[in-house]
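File shown here: start-v1.cif, holding mmCIF, C-alpha atoms.
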```cif
data_work
#
loop_
_atom_site.label_atom_id
_atom_site.label_comp_id
_atom_site.auth_asym_id
_atom_site.auth_seq_id
_atom_site.Cartn_x
_atom_site.Cartn_y
_atom_site.Cartn_z
CA MET T 724 111.89 19.25 -15.39
CA GLN T 725 110.69 15.84 -14.20
CA ALA T 726 109.61 17.35 -10.88
CA VAL T 727 107.80 20.16 -12.70
CA SER T 728 105.96 17.75 -14.99
CA GLU T 729 105.00 15.58 -11.99
CA ILE T 730 103.55 18.58 -10.13
CA PHE T 731 101.65 19.67 -13.23
CA ARG T 732 100.34 16.14 -13.77
CA LYS T 733 99.01 15.92 -10.22
CA ASN T 734 97.31 19.32 -10.50
CA ILE T 735 96.45 19.23 -14.21
CA ARG T 736 92.79 20.19 -13.74
CA GLN T 737 93.56 23.17 -11.48
CA TYR T 738 96.42 24.50 -13.60
CA GLY T 739 94.49 23.76 -16.78
CA MET T 740 91.60 25.99 -15.69
CA ILE T 741 93.97 28.80 -14.70
CA ILE T 742 95.63 28.59 -18.12
CA ALA T 743 92.18 28.51 -19.76
CA LEU T 744 91.12 31.62 -17.79
CA ILE T 745 94.25 33.48 -18.88
CA PHE T 746 93.78 32.39 -22.49
CA ILE T 747 90.09 33.42 -22.56
CA THR T 748 90.91 36.77 -20.94
CA VAL T 749 93.67 37.54 -23.46
CA LEU T 750 91.46 36.40 -26.35
CA PHE T 751 88.56 38.68 -25.43
CA GLN T 752 90.94 41.52 -24.56
CA ILE T 753 92.11 41.37 -28.19
CA LEU T 754 88.64 40.84 -29.69
CA THR T 755 87.14 43.74 -27.70
CA GLY T 756 89.95 46.12 -28.61
CA GLY T 757 91.19 46.42 -25.03
CA ILE T 758 87.80 47.12 -23.42
CA LEU T 759 87.66 43.91 -21.35
CA LEU T 760 90.45 44.86 -18.92
CA LYS T 761 89.58 48.54 -18.54
CA PRO T 762 89.05 49.50 -14.86
CA LEU T 763 85.34 50.23 -15.33
CA ASN T 764 84.70 46.90 -17.06
CA ILE T 765 86.69 44.90 -14.49
CA THR T 766 84.57 46.48 -11.75
CA ASN T 767 81.40 45.64 -13.68
CA LEU T 768 82.68 42.09 -14.17
CA ILE T 769 83.03 41.68 -10.41
CA LEU T 770 79.59 43.17 -9.70
CA GLN T 771 77.87 41.14 -12.44
CA ASN T 772 79.23 37.79 -11.26
CA SER T 773 79.38 38.25 -7.49
CA TYR T 774 76.09 36.47 -6.77
CA ILE T 775 77.07 33.51 -8.98
CA LEU T 776 80.44 33.22 -7.22
CA VAL T 777 78.70 33.18 -3.83
CA LEU T 778 76.43 30.37 -5.06
CA ALA T 779 79.43 28.49 -6.50
CA ILE T 780 81.12 28.44 -3.08
CA GLY T 781 78.12 26.68 -1.56
CA MET T 782 77.43 24.54 -4.61
CA VAL T 783 80.92 23.06 -4.70
CA LEU T 784 80.40 21.69 -1.17
CA VAL T 785 77.11 20.11 -2.28
CA ILE T 786 78.77 18.58 -5.37
CA ILE T 787 81.73 17.29 -3.34
CA THR T 788 79.26 15.35 -1.16
CA GLY T 789 77.89 13.77 -4.33
CA HIS T 790 74.64 15.75 -4.49
CA ILE T 791 73.25 18.63 -6.56
CA ASP T 792 71.02 21.63 -5.77
CA LEU T 793 68.69 22.90 -8.47
CA SER T 794 66.73 25.23 -6.19
CA VAL T 795 69.31 27.93 -5.43
CA GLY T 796 68.08 30.37 -8.10
CA SER T 797 64.49 30.14 -6.86
CA ILE T 798 65.62 30.48 -3.21
CA ALA T 799 67.63 33.58 -4.16
CA ALA T 800 64.55 35.10 -5.83
CA PHE T 801 62.31 34.20 -2.86
CA ILE T 802 64.71 35.72 -0.30
CA GLY T 803 65.05 38.86 -2.43
CA ALA T 804 61.25 39.18 -2.42
CA LEU T 805 61.04 38.74 1.36
CA ALA T 806 63.85 41.27 1.87
CA ALA T 807 61.96 43.79 -0.28
CA ILE T 808 58.80 43.34 1.75
CA MET T 809 60.72 43.75 5.01
CA MET T 810 62.74 46.79 3.93
CA VAL T 811 60.42 48.59 1.52
CA ASP T 812 56.92 47.72 2.77
CA LEU T 813 57.51 47.09 6.49
CA GLN T 814 60.39 49.58 6.82
CA LEU T 815 62.51 47.22 8.94
CA PRO T 816 66.14 48.26 9.57
CA THR T 817 68.46 47.01 6.83
CA PHE T 818 70.72 45.00 9.13
CA LEU T 819 67.77 43.25 10.81
CA ALA T 820 66.19 42.40 7.45
CA ILE T 821 69.48 40.92 6.20
CA ILE T 822 69.86 38.73 9.32
CA ILE T 823 66.26 37.48 9.05
CA SER T 824 66.76 36.75 5.34
CA LEU T 825 69.90 34.69 5.98
CA VAL T 826 68.17 32.75 8.77
CA ILE T 827 65.21 31.98 6.49
CA GLY T 828 67.65 30.83 3.80
CA GLY T 829 69.31 28.50 6.31
CA LEU T 830 65.90 27.12 7.36
CA ILE T 831 65.02 26.45 3.72
CA GLY T 832 68.33 24.60 3.37
CA ALA T 833 67.50 22.64 6.54
CA TRP T 834 64.09 21.69 5.07
CA GLN T 835 65.71 20.33 1.93
CA GLY T 836 68.62 18.79 3.81
CA PHE T 837 66.19 16.84 6.02
CA TRP T 838 64.56 15.15 3.01
CA VAL T 839 67.93 14.37 1.42
CA ALA T 840 69.89 13.27 4.50
CA TYR T 841 67.31 11.56 6.67
CA VAL T 842 64.46 10.52 4.35
CA LYS T 843 66.98 9.57 1.63
CA ILE T 844 65.11 11.17 -1.24
CA PRO T 845 67.63 11.97 -4.04
CA ALA T 846 68.81 15.58 -3.91
CA PHE T 847 67.92 16.02 -7.58
CA ILE T 848 64.23 15.36 -6.81
CA VAL T 849 64.14 17.35 -3.57
CA THR T 850 65.78 20.44 -5.05
CA LEU T 851 63.79 20.19 -8.28
CA ALA T 852 60.66 20.33 -6.11
CA GLY T 853 62.25 23.22 -4.20
CA MET T 854 62.97 25.06 -7.45
CA LEU T 855 59.28 24.89 -8.43
CA LEU T 856 58.00 25.57 -4.91
CA PHE T 857 60.06 28.69 -4.19
CA ARG T 858 59.61 30.09 -7.68
CA GLY T 859 55.86 29.83 -7.13
CA LEU T 860 56.12 31.38 -3.64
CA THR T 861 58.16 34.27 -5.08
CA MET T 862 55.37 35.08 -7.53
CA ILE T 863 52.74 34.79 -4.79
CA VAL T 864 54.67 37.02 -2.37
CA LEU T 865 55.31 39.69 -5.01
CA GLY T 866 51.89 39.37 -6.58
CA GLY T 867 53.53 39.23 -10.00
CA GLN T 868 54.98 42.75 -9.59
CA SER T 869 58.38 44.20 -8.67
CA ILE T 870 59.04 45.97 -5.37
CA ALA T 871 61.49 48.89 -5.33
CA PRO T 872 63.50 50.89 -4.42
CA PHE T 873 65.65 49.51 -1.61
CA PRO T 874 67.26 51.77 1.03
CA LYS T 875 70.60 53.29 0.03
CA SER T 876 72.36 51.42 2.84
CA PHE T 877 71.22 48.11 1.32
CA GLN T 878 72.14 49.11 -2.23
CA ARG T 879 75.72 49.75 -1.13
CA ILE T 880 76.23 45.99 -0.66
CA SER T 881 76.44 45.62 -4.44
CA SER T 882 77.12 49.13 -5.69
CA GLY T 883 79.27 50.65 -2.93
CA PHE T 884 83.05 50.92 -2.64
CA ILE T 885 85.34 51.05 0.38
CA PRO T 886 86.20 54.69 1.20
CA ASP T 887 89.72 55.99 0.67
CA TRP T 888 90.83 57.05 4.15
CA PHE T 889 94.04 58.53 2.73
CA GLY T 890 92.36 60.81 0.16
CA GLY T 891 94.57 59.82 -2.76
CA GLY T 892 92.73 61.89 -5.36
CA SER T 893 92.54 60.15 -8.72
CA LEU T 894 94.26 57.05 -7.28
CA HIS T 895 92.51 55.08 -4.53
CA THR T 896 95.47 54.84 -2.14
CA LEU T 897 93.85 52.43 0.32
CA THR T 898 93.24 49.88 -2.46
CA VAL T 899 96.93 49.97 -3.46
CA LEU T 900 98.01 49.56 0.18
CA LEU T 901 95.62 46.64 0.69
CA GLY T 902 97.16 44.98 -2.38
CA LEU T 903 100.63 45.31 -0.85
CA VAL T 904 99.46 43.97 2.53
CA LEU T 905 97.74 41.02 0.87
CA SER T 906 100.96 40.30 -1.07
CA LEU T 907 103.01 40.21 2.14
CA LEU T 908 100.48 37.94 3.83
CA LEU T 909 100.53 35.61 0.84
CA ILE T 910 104.36 35.41 0.84
CA TRP T 911 104.41 34.72 4.60
CA GLN T 912 101.69 32.04 4.36
CA GLU T 913 103.31 30.26 1.39
CA TRP T 914 106.76 30.33 3.01
CA LYS T 915 105.35 29.05 6.31
CA GLU T 916 103.54 26.20 4.54
CA ARG T 917 106.67 25.27 2.57
CA ARG T 918 108.77 25.14 5.76
CA THR T 919 106.17 22.89 7.41
CA GLN T 920 106.18 20.54 4.43
CA LEU T 921 109.98 20.38 4.45
CA LYS T 922 109.97 19.76 8.21
CA TYR T 923 107.85 16.64 7.75
CA GLN T 924 109.79 15.64 4.61
CA PHE T 925 106.89 16.10 2.20
CA GLU T 926 107.56 16.55 -1.50
CA VAL T 927 107.72 20.25 -2.45
CA ALA T 928 108.24 22.19 -5.65
CA PRO T 929 111.81 23.26 -6.55
CA ILE T 930 112.78 26.62 -5.00
CA TRP T 931 112.93 28.36 -8.39
CA MET T 932 109.40 27.24 -9.17
CA PHE T 933 108.22 28.32 -5.72
CA VAL T 934 109.74 31.79 -6.16
CA THR T 935 108.37 32.11 -9.72
CA LYS T 936 104.89 31.23 -8.51
CA LEU T 937 105.09 33.83 -5.71
CA VAL T 938 106.35 36.53 -8.08
CA LEU T 939 103.51 35.86 -10.51
CA LEU T 940 100.85 35.84 -7.77
CA VAL T 941 102.17 39.05 -6.21
CA ALA T 942 102.30 40.70 -9.63
CA ILE T 943 98.70 39.67 -10.41
CA ILE T 944 97.42 40.92 -7.04
CA ASN T 945 99.13 44.29 -7.29
CA VAL T 946 98.25 44.89 -10.96
CA PHE T 947 94.64 43.98 -10.18
CA THR T 948 94.41 46.31 -7.17
CA PHE T 949 96.19 49.13 -9.04
CA VAL T 950 93.74 48.88 -11.95
CA LEU T 951 90.80 49.04 -9.51
CA ALA T 952 92.49 51.94 -7.69
CA THR T 953 92.42 54.00 -10.89
CA TYR T 954 88.60 53.79 -10.88
CA ASN T 955 86.74 53.76 -7.53
CA GLY T 956 88.80 51.24 -5.60
CA LEU T 957 87.62 47.94 -4.15
CA PRO T 958 83.87 47.22 -4.38
CA ASN T 959 82.22 46.22 -1.08
CA ILE T 960 81.10 42.97 -2.64
CA LEU T 961 84.70 42.01 -3.42
CA ILE T 962 85.56 42.29 0.28
CA ILE T 963 82.60 40.00 1.11
CA LEU T 964 83.75 37.50 -1.53
CA PHE T 965 87.32 37.60 -0.25
CA PHE T 966 86.29 36.69 3.30
CA LEU T 967 83.96 33.94 2.05
CA ILE T 968 86.76 32.41 -0.05
CA VAL T 969 89.27 32.56 2.84
CA ILE T 970 86.83 31.10 5.39
CA TYR T 971 85.52 28.29 3.20
CA SER T 972 88.99 27.39 1.89
CA PHE T 973 90.21 27.17 5.49
CA VAL T 974 87.25 24.98 6.50
CA MET T 975 87.67 22.61 3.56
CA ASN T 976 91.48 22.34 3.79
CA ARG T 977 92.25 22.64 7.50
CA MET T 978 89.20 21.63 9.54
CA ILE T 979 87.63 18.30 10.41
CA ALA T 980 84.31 19.38 8.88
CA GLY T 981 86.00 19.79 5.51
CA ARG T 982 87.67 16.39 5.75
CA HIS T 983 84.30 14.83 6.53
CA ILE T 984 82.70 16.47 3.48
CA TYR T 985 85.43 15.06 1.23
CA ALA T 986 85.19 11.64 2.90
CA LEU T 987 81.42 11.56 2.40
CA GLY T 988 81.74 12.39 -1.28
CA GLY T 989 84.59 9.94 -1.82
CA ASN T 990 82.85 6.90 -0.36
CA GLU T 991 79.76 7.32 1.84
CA LYS T 992 79.79 3.78 3.23
CA ALA T 993 83.49 3.91 4.10
CA ALA T 994 83.03 7.34 5.69
CA ASN T 995 80.13 6.04 7.77
CA LEU T 996 82.16 3.06 8.96
CA SER T 997 85.03 5.44 9.83
CA GLY T 998 82.81 7.35 12.25
CA VAL T 999 81.74 10.21 10.00
CA LYS T 1000 78.13 11.20 10.73
CA THR T 1001 77.18 11.24 7.08
CA LYS T 1002 73.56 12.27 7.58
CA LYS T 1003 74.55 15.20 9.75
CA VAL T 1004 77.22 16.32 7.27
CA THR T 1005 74.76 16.19 4.35
CA PHE T 1006 72.16 18.09 6.38
CA TRP T 1007 74.52 20.94 7.27
CA VAL T 1008 75.89 21.19 3.74
CA PHE T 1009 72.34 21.94 2.55
CA VAL T 1010 71.77 24.38 5.42
CA ASN T 1011 74.94 26.18 4.32
CA MET T 1012 73.76 26.16 0.70
CA GLY T 1013 70.45 27.70 1.70
CA ALA T 1014 72.17 30.50 3.64
CA LEU T 1015 74.53 31.27 0.73
CA ALA T 1016 71.61 31.19 -1.73
CA ALA T 1017 69.92 33.77 0.51
CA LEU T 1018 73.07 35.92 0.50
CA SER T 1019 73.22 35.64 -3.29
CA GLY T 1020 69.59 36.75 -3.52
CA LEU T 1021 70.30 39.76 -1.32
CA ILE T 1022 73.32 40.74 -3.42
CA PHE T 1023 71.33 40.43 -6.65
CA ALA T 1024 68.39 42.41 -5.26
CA ALA T 1025 70.76 45.13 -4.05
CA ARG T 1026 72.41 45.36 -7.47
CA LEU T 1027 69.07 45.43 -9.30
CA ASN T 1028 67.58 47.76 -6.63
CA SER T 1029 64.33 45.81 -6.84
CA ALA T 1030 62.82 42.39 -6.18
CA THR T 1031 61.32 40.83 -9.32
CA PRO T 1032 59.48 37.54 -9.95
CA LYS T 1033 62.04 36.61 -12.63
CA ALA T 1034 65.10 37.10 -10.40
CA GLY T 1035 67.45 34.14 -10.04
CA THR T 1036 66.59 32.57 -13.39
CA ASN T 1037 69.34 30.11 -14.43
CA PHE T 1038 71.49 31.00 -11.39
CA GLU T 1039 71.66 27.32 -10.48
CA LEU T 1040 72.94 26.39 -13.95
CA ASP T 1041 75.71 29.00 -13.84
CA ALA T 1042 76.76 27.95 -10.32
CA ILE T 1043 76.82 24.25 -11.22
CA ALA T 1044 78.75 24.99 -14.42
CA ALA T 1045 81.28 27.08 -12.47
CA CYS T 1046 81.94 24.16 -10.11
CA PHE T 1047 82.40 21.56 -12.86
CA ILE T 1048 84.54 23.87 -14.99
CA GLY T 1049 86.61 24.61 -11.88
CA GLY T 1050 87.49 20.96 -11.33
CA ALA T 1051 84.68 19.43 -9.25
CA SER T 1052 83.84 15.84 -10.12
CA ALA T 1053 80.31 14.78 -11.08
CA SER T 1054 80.76 11.64 -8.95
CA GLY T 1055 81.67 13.60 -5.80
CA GLY T 1056 84.70 13.68 -3.53
CA ILE T 1057 86.71 16.10 -5.69
CA GLY T 1058 86.62 19.88 -5.93
CA THR T 1059 87.93 23.05 -4.29
CA VAL T 1060 86.52 26.45 -3.38
CA ILE T 1061 89.27 28.19 -5.37
CA GLY T 1062 88.50 25.94 -8.35
CA ALA T 1063 84.82 26.93 -8.20
CA ILE T 1064 85.81 30.61 -8.15
CA ILE T 1065 88.11 30.11 -11.15
CA GLY T 1066 85.29 28.30 -12.97
CA GLY T 1067 82.93 31.16 -12.13
CA LEU T 1068 85.45 33.68 -13.46
CA VAL T 1069 85.81 31.66 -16.68
CA MET T 1070 82.03 31.81 -17.14
CA GLY T 1071 81.93 35.49 -16.18
CA VAL T 1072 84.71 36.54 -18.56
CA MET T 1073 83.09 34.56 -21.35
CA ASN T 1074 79.68 36.16 -20.71
CA ASN T 1075 81.15 39.64 -20.52
CA GLY T 1076 83.47 39.19 -23.49
CA MET T 1077 80.77 37.72 -25.74
CA SER T 1078 78.41 40.56 -24.82
CA LEU T 1079 81.08 43.17 -25.60
CA ILE T 1080 81.69 41.77 -29.07
CA GLY T 1081 77.95 41.70 -29.73
CA LEU T 1082 77.41 37.94 -29.76
CA GLY T 1083 73.74 37.00 -29.40
CA VAL T 1084 72.29 35.28 -26.33
CA ASP T 1085 71.59 32.16 -28.39
CA TRP T 1086 75.25 31.80 -29.31
CA GLN T 1087 76.32 32.58 -25.75
CA GLN T 1088 74.15 29.80 -24.30
CA GLY T 1089 75.41 27.30 -26.88
CA ILE T 1090 79.07 28.12 -26.27
CA LYS T 1091 78.66 27.92 -22.47
CA GLY T 1092 76.97 24.53 -22.83
CA LEU T 1093 79.82 23.27 -24.98
CA VAL T 1094 82.42 24.50 -22.48
CA LEU T 1095 80.61 22.71 -19.65
CA LEU T 1096 80.43 19.48 -21.64
CA LEU T 1097 84.15 19.64 -22.45
CA ALA T 1098 85.04 20.32 -18.80
CA VAL T 1099 83.15 17.23 -17.57
CA ALA T 1100 84.57 15.13 -20.43
CA PHE T 1101 88.07 16.28 -19.43
CA ASP T 1102 87.39 15.16 -15.84
CA ILE T 1103 86.23 11.71 -16.97
CA TYR T 1104 89.24 11.37 -19.29
CA ASN T 1105 91.65 12.19 -16.43
CA LYS T 1106 89.95 9.62 -14.20
CA SER T 1107 90.17 6.90 -16.84
CA LYS T 1108 93.91 7.57 -17.25
CA THR T 1109 94.48 7.48 -13.48
CA ASN T 1110 92.61 4.22 -13.12
#
```
Give the structure from the file, written as structure tokens.
Amino acid sequence: MQAVSEIFRKNIRQYGMIIALIFITVLFQILTGGILLKPLNITNLILQNSYILVLAIGMVLVIITGHIDLSVGSIAAFIGALAAIMMVDLQLPTFLAIIISLVIGGLIGAWQGFWVAYVKIPAFIVTLAGMLLFRGLTMIVLGGQSIAPFPKSFQRISSGFIPDWFGGGSLHTLTVLLGLVLSLLLIWQEWKERRTQLKYQFEVAPIWMFVTKLVLLVAIINVFTFVLATYNGLPNILIILFFLIVIYSFVMNRMIAGRHIYALGGNEKAANLSGVKTKKVTFWVFVNMGALAALSGLIFAARLNSATPKAGTNFELDAIAACFIGGASASGGIGTVIGAIIGGLVMGVMNNGMSLIGLGVDWQQGIKGLVLLLAVAFDIYNKSKTN
């Protein structure tokens, strides 16, 4: 029990958010009379929050470096507008328009990253200016009107599902099989990591706790995929999110670039003296944020099937809230991609649940603000106890 309590203490923020997500899900499942976890609503939950989760992945890297980006919602709207002009007005091929949009997003990130990294203007000021600039450009490009509809091939990014190659009828067989494959990969990866830790005599969780954790994770994966299989299977956007989470988690946990991002956020001067090219790291983090903001804008435009001047409103607030709720520290150096996703899911379940029970937007905004405040207060409290 001492080992268990020590593990929980070291990961209190991460485990706390997982427990909070489970609690909120169960609460709204009861309050909505079982509607929240119905297959159709779970699918809608994924589609409604996909663009925020994409932003949260990029935003957590920005926050870890000790910066903030207030412009992502406006960039998403601007890229959606450009994509509409390319696909609807100019009739460019969908794939080409998507590539151009992502490149433009990266260039916008490079523009902002230059001012932050090399000119040393605070990111808050640079991205606040970016928020106003790209919101204005969106209105100019669209002329104050919406552009629609997008090609069907583009709409499928947000509204399409992977086909069932096995023709399972009412049950999407491929989704069930993918759940089983993912479970096996998870077991193999966790067992391999545990063996490596034991080999180098690192502290590991007791075997019973390790097995319990695996059983719970495998159960969650397979229940989740089975529920989706009873509707239309896995949405295309969920596959995109899965690969983004895997790639960015790998970069942050296993690659030198990730270590440099954490080092920069932990102590910039020490990182610089240790050989970390802090300016270059900051620059590329903003380039990455711009590209992911562009992807988020494309996903939102595909879901809405139109580009509108009001698109992306408050996206930056939801993404920032997701990161802080998921365990990122306001002072930098702390945070994980998985934590940001969990924080985004907490926000998403709350939004969806409060809407289902008929709670007004005013109450929803107030409750979300309170949750964000409590999450940051919890982080500061943990730091004060550690120090």
Can you check which parts of stretch 740-837 of chain T lie within 6 Å of stretch 997-1011 of chain T? Per residue, the shortest pair of atoms and distance in Å to one decimal, counting only C-alpha atoms, sorted by chain and number, as JSON lines.
```
{"residue": "T:Gly829", "atom": "CA", "partner": "T:Val1010", "partner_atom": "CA", "distance": 4.9}
{"residue": "T:Gly832", "atom": "CA", "partner": "T:Val1010", "partner_atom": "CA", "distance": 4.0}
{"residue": "T:Ala833", "atom": "CA", "partner": "T:Val1010", "partner_atom": "CA", "distance": 4.7}
{"residue": "T:Gly836", "atom": "CA", "partner": "T:Phe1006", "partner_atom": "CA", "distance": 4.4}
```
Could you save those same residues with C-alpha atoms as a compact mmCIF listing (two decimals), in the coordinates of the input?
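Below you can see again-v2.txt, which holds the result:
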```txt
# COMPACT_ATOMS: atom_id res chain seq x y z
CA GLY T 829 69.31 28.50 6.31
CA GLY T 832 68.33 24.60 3.37
CA ALA T 833 67.50 22.64 6.54
CA GLY T 836 68.62 18.79 3.81
```
Inset, instruction - Point out the residue among T:Gly981, T:Gly1035, T:Gly989, T:Pro886 with the least atom-to-atom distance to T:Tyr774, counting only C-alpha atoms. - result: T:Gly1035
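With all atoms listed in the file as the atoms that count, the residue of T:Ala1025, T:Val826, T:Ile780, T:Met862 with the shortest distance to T:Ile968 is T:Ile780.
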Legend entry - Distance criterion (only C-alpha atoms): nearest to T:Ile960 out of T:Thr1031, T:Ser906, T:Ser881, T:Asn767: T:Ser881
Inset, instruction - Rank T:Ile984, T:Ile775, T:Leu907, T:Leu851 by their smallest atom-to-atom distance to T:Leu1015, using all atoms listed in the file, and report the top residue only. - result: T:Ile775
Legend entry - Distance criterion (all atoms listed in the file): nearest to T:Ile963 out of T:Phe751, T:Phe847, T:Phe884, T:Phe837: T:Phe884
Inset, instruction - Find the residue from T:Thr748, T:Asn764, T:Ser876, T:Gln1087 that sits nearest to T:Leu951; use all atoms listed in the file when measuring. - result: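 Between T:Thr748, T:Asn764, T:Ser876, T:Gln1087, the residue approaching T:Leu951 most closely is T:Asn764.
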Legend entry - Hits of the PyMOL selection byres ((chain T and resi 785) around 10) in this structure, as a PyMOL selection string: chain T and resi 779-784+786-792+846+984+988+1005+1007-1009+1011-1012+1043+1055
Save the residues we just selected, C-alpha atoms, as a tab-separated table (two decimals), keeping the file's coordinate frame?
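See selection-v5.tsv below for the written result:
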```
chain	number	residue	atom	x	y	z
T	779	ALA	CA	79.43	28.49	-6.50
T	780	ILE	CA	81.12	28.44	-3.08
T	781	GLY	CA	78.12	26.68	-1.56
T	782	MET	CA	77.43	24.54	-4.61
T	783	VAL	CA	80.92	23.06	-4.70
T	784	LEU	CA	80.40	21.69	-1.17
T	786	ILE	CA	78.77	18.58	-5.37
T	787	ILE	CA	81.73	17.29	-3.34
T	788	THR	CA	79.26	15.35	-1.16
T	789	GLY	CA	77.89	13.77	-4.33
T	790	HIS	CA	74.64	15.75	-4.49
T	791	ILE	CA	73.25	18.63	-6.56
T	792	ASP	CA	71.02	21.63	-5.77
T	846	ALA	CA	68.81	15.58	-3.91
T	984	ILE	CA	82.70	16.47	3.48
T	988	GLY	CA	81.74	12.39	-1.28
T	1005	THR	CA	74.76	16.19	4.35
T	1007	TRP	CA	74.52	20.94	7.27
T	1008	VAL	CA	75.89	21.19	3.74
T	1009	PHE	CA	72.34	21.94	2.55
T	1011	ASN	CA	74.94	26.18	4.32
T	1012	MET	CA	73.76	26.16	0.70
T	1043	ILE	CA	76.82	24.25	-11.22
T	1055	GLY	CA	81.67	13.60	-5.80
```
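Evaluating the PyMOL selection byres ((chain T and resi 896-898) around 7) against the shown model yields Asp887, Trp888, Phe889, Gly891, Leu894, His895, Val899, Leu900, Leu901, Gly902, Thr948, Ala952, Gly956 and Leu957 of chain T.
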Inset, instruction - Using the chain letters and numbering of this document, enumerate as a list in words the residues selected by the PyMOL selection byres ((chain T and resi 859) around 12). - result: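 Answer for the PyMOL selection byres ((chain T and resi 859) around 12): Ser794, Ser797, Ile798, Ala800, Phe801, Ala804, Ala852, Gly853, Met854, Leu855, Leu856, Phe857, Arg858, Leu860, Thr861, Met862, Ile863, Val864, Leu865, Gly866, Gly867, Pro1032 and Lys1033 of chain T.
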Inset, instruction - Quote the spacing between atom CA of T:Met932 and atom CA of T:Phe1047 in Å to one decimal place. - result: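 These atoms are spaced 27.8 Å apart.
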Inset, instruction - List every protein, DNA or RNA residue with an atom no more than 12 Å from (60.6, 45.7, 0.9) in the file's coordinates, counting only C-alpha atoms, and format the result as a ChimeraX atom specification. - result: /T:802-817,820-821,824,864-865,869-874,877,1021,1024-1025,1028-1031
Inset, instruction - Grab the atom CA of T:Ile1065 to atom CA of T:Ile930 distance for me, in Å with one decimal place. - result: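 That distance, rounded to one decimal, is 25.7 Å.
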Inset, instruction - Write out as an NGL selection string the residues lying within 6 Å of stretch 1036-1039 of chain T, counting only C-alpha atoms and excluding same-chain residues fewer than 4 positions away. - result: :T and (793 or 795-796)
Around all the atoms of stretch 941-944 of chain T listed in the file, draw an axis-aligned box and extend it by 4 Å on each of the six sides; I want its centre and edge lengths in Å to one decimal, as AutoDock Vina command-line options.
```
--center_x 99.9 --center_y 40.0 --center_z -8.3 --size_x 12.9 --size_y 9.9 --size_z 12.2
```
Inset, instruction - Could you jot down the atom CA of T:Ile910 to atom CA of T:Leu768 separation for me, Å, one decimal place? - result: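 So the two atoms, atom CA of T:Ile910 and atom CA of T:Leu768, lie 27.2 Å apart.
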Inset, instruction - Find the residues near T:Val777: any atom within 10 Å, counting all atoms listed in the file, skip ones fewer than 4 places away on the same chain, and give them as a ChimeraX atom specification. - result: /T:772-773,781-782,963-964,967-968,1012,1015-1020,1022,1042,1063-1064,1067
